[in-house]
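**Student:** Quick one: structure below, then a few questions.
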Amino acid sequence: MSAVTAGRLALFAALAASWAVVAWLLSRSVVPDDLALPRVDVDAVFGERLVERAERYERFHYANWALAQIVLLVTLVVYARRGAAFARESAAGPIGTGMFIGMVGLAIVWLTQLPFSVAALWWERRHGVSEMGYLEALFGGWLALGGTFVAVCIALLVVMALARWVGSWWWIPGAVVFALIAAVFVFVGPYLTPGLERPEDPKLIRTYERFERDQGVDVPLRVEEVSGDTSQANAYAFGMGPSSRIVLWDTLLDGRFSDGEVGVVLAHELAHHSSHHIPEAIGWFALFALPGALVLVLATRRRGGMGEPAAVPLALLVVAVLQLALAPAQNLVSRAIEGEADWKALQTTRDPASARGLFREFADTSLGDPSPPTWAYVLLQTHPTLAQRVAMANAWATRSQAEGAP
Ligand SMILES: [Zn+2]
């Protein structure tokens with residue numbers, strides 16, 4: 001074995017070991033290891049009619065999603081074969097040309113995916129889940145598209161510049177730079193989000209402050225007006241450090257949800273901050289980006305590597321395939337994080353009945369299938385299913401009763 005090969009092997013071994021250590025550190029959770037989720041009779045908890053309606057509603061979304069994925073991959077296969085032709089005709093320099101080819105690819109993808117977004121919106125409007133107009137959705141879509149364009153531009157700039165500078169080892173510094181860029185995006189997100197108001201209800205504020213003390217965090221609470229666009233209820237935690245925020249949709253406060261149910265949402269979102277889930281998610285992103293970038297290096301070798309604009313169309317295809325291939329692992333991580341937030345919310349509110357009520361209400365307002373088919377669970381489910389969330393509330397109640405008993 002030559003010294004170079006031995007050095008490489010040692011480097012890969014060290015990387016793999018660090019990867020495993022970081023993954024282990026990131027996957028630690030306050031959810032007890034021995035927690036067994038009791039079986040939940042979905043029809044009895046959510047009601048047979050609602051379950052049937054939600055299943056029918058979701059079936060359309062599944063088919064629409066699957067078709068969109070097939071069209072996406074076919075489009076990118078064609079572009080990977082033909083798109084390289086642009087590389088020979090442009091005079092913008094290799095990196096400029098690569099970015100141009102990336103933007104053209106993205107525009108084509110956007111056009112081919114548009115019918116599927118329209119179909120999804122049509123279905124949501126038909127079921128009263130969304131009230132958004134088509135033009136309004138298109139405009140919102142433009143904003144999101146602008147964000148994607150910027151992100152892809154930056155990613156291509158970083159990858160191509162690094163590949164030209166350090167050669168085929170760019171994937172190691174590349175993954176680090178990607179994680180740093182993600183951290184910047186996450187940090188500035190709350191400052192760039194308009195229309196977040198302070199809550200007014202003194203009772204809500206008192207409950208929130210009690211939960212903050214309980215979880216040892218201090219995070220501003222905001223309310224976002226979405227009631228003109230949707231009747232769905234949602235909330236989210238975003239930002240990091242000084243930009244940390246929790247946002248409740250105003251649909252959550254329109255009287256359909258009890259104070260106890262809103263409390264469960266508050267405690268769940270606070271848990272995302274008190275358990276440092278957002279920096280953890282960036283850590284996971286880096287862990288997935290590292291092998292992903294290595295695959296990109298290997299896949300684009302025959303096109304001259306990522307420093308060459310001719311490799312960009314193929315790279316778009318590889319990234320789309322990677323996204324699909326890594327989705328089960330990413331969803332597994334996401335479900336563990338969400339499960340921990342649910343558990344902490346139960347510890348904070350000590351109100352499993354309200355948690356159960358909230359999850360039942362979610363099935364109704366979002367028409368979410370409480371117990372989706374396995375393939376959809378693996379590929380699409382970022383949260384524990386509503387049935388699993390009810391089961392966790394039941395498990396918590398059983399445990400706290402056992403602990404409270406003499
Ligand atoms: Zn959550």
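By order of appearance in the structure tokens: chains A, B, ..., then residues from 1 within every chain, and ligands from 1 in the order shown.
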If the limit is 7 Å from any atom of ligand 1, counting only C-alpha atoms and all ligand atoms, which residues qualify? Return them as a count of residues only.
**Tutor:** 6
**Student:** Please identify the alpha helix (DSSP H) residues within segment 5-124 of chain A (assignment by DSSP from backbone atoms) and present them as an NGL selection string.
**Tutor:** :A and (5-26 or 42-46 or 48-82 or 85-89 or 93-124)
**Student:** Select, from A:Ala119, A:Ala91, A:Leu316, A:Leu253, the residue with the minimum atom-to-atom distance to Met103 of chain A, counting only C-alpha atoms.
**Tutor:**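 That would be A:Leu316, the residue with the smallest distance to Met103 of chain A.
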**Student:** Leu290 of chain A: which residues within 7 Å, counting only C-alpha atoms, same-chain residues fewer than 5 positions away excluded, as a list of chain:residue names?
**Tutor:** A:Trp171, A:Ile172, A:Ala175
**Student:** Those same residues - N, CA and C atoms - I'd like them written as a compact mmCIF listing (two decimals), in the first residue's frame.
**Tutor:**
# COMPACT_ATOMS: atom_id res chain seq x y z
N TRP A 171 -15.39 18.56 -1.45
CA TRP A 171 -16.58 18.14 -0.71
C TRP A 171 -16.44 18.31 0.80
N ILE A 172 -15.20 18.26 1.32
CA ILE A 172 -15.04 18.44 2.79
C ILE A 172 -15.23 19.91 3.19
N ALA A 175 -18.95 21.00 2.49
CA ALA A 175 -20.01 20.68 3.46
C ALA A 175 -19.98 21.68 4.62
**Student:** Using only C-alpha atoms, which residue out of A:Thr75, A:Thr382, A:Ser400, A:Gln232 lies closest to Ile337 of chain A?
**Tutor:**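 Among A:Thr75, A:Thr382, A:Ser400, A:Gln232, it is A:Thr382 that comes nearest to Ile337 of chain A.
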**Student:** Have a look at A:Glu403, A:Asp34, A:Glu308, A:Asp369 and name the one nearest to Met160 of chain A; count only C-alpha atoms.
**Tutor:**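 Result for the nearest residue to Met160 of chain A: A:Glu308.
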**Student:** I need the residue nearest Gly96 of chain A from this list: A:Ile70, A:Leu298, A:Ala355, A:Ile154. Use only C-alpha atoms for the distance.
**Tutor:**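 Among A:Ile70, A:Leu298, A:Ala355, A:Ile154, it is A:Ile154 that comes nearest to Gly96 of chain A.
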**Student:** Report as a count of residues only all protein, DNA and RNA residues lying within 7 Å of segment 219-229 of chain A, evaluated on only C-alpha atoms, omitting residues in the same chain fewer than 6 positions from it.
**Tutor:** 16
**Student:** Which residues come within 12 Å of Ala161 of chain A, counting only C-alpha atoms, excluding same-chain residues fewer than 2 positions away, as a list in words?
**Tutor:**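 Once the nearby chain positions are removed, what remains is Gly93, Pro94, Ile95, Gly96, Gly98, Met99, Cys153, Ile154, Ala155, Leu156, Leu157, Val158, Val159, Ala163, Arg164, Trp165, Val166, Gly167, Ser168, Trp170, Trp171, Pro173, Gly174, Val177, Gly305, Met306, Gly307, Glu308 and Pro309 of chain A.
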**Student:** Would you list, as a VMD selection string, the residues of segment 187-321 of chain A that end up in strand (DSSP E) under DSSP run on this structure's backbone?
**Tutor:** chain A and resid 196 to 197 221 to 224 235 to 238 245 to 249
**Student:** His127 of chain A: which residues within 10 Å, counting only C-alpha atoms, same-chain residues fewer than 5 positions away excluded, as a list in words?
**Tutor:**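 After dropping sequence-adjacent residues, the list is Arg53, Tyr57, Leu121, Trp122, Ser366 and Leu367 of chain A.
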**Student:** I'd like to know which of A:Ser18, A:Thr398, A:Ser371, A:Thr148 is closest to Glu58 of chain A, using only C-alpha atoms.
**Tutor:**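 Result for the nearest residue to Glu58 of chain A: A:Ser371.
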**Student:** One decimal, in Å: what's the spacing between atom CA of Ala376 of chain A and atom CA of Leu114 of chain A?
**Tutor:**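 A separation of 22.0 Å between them.
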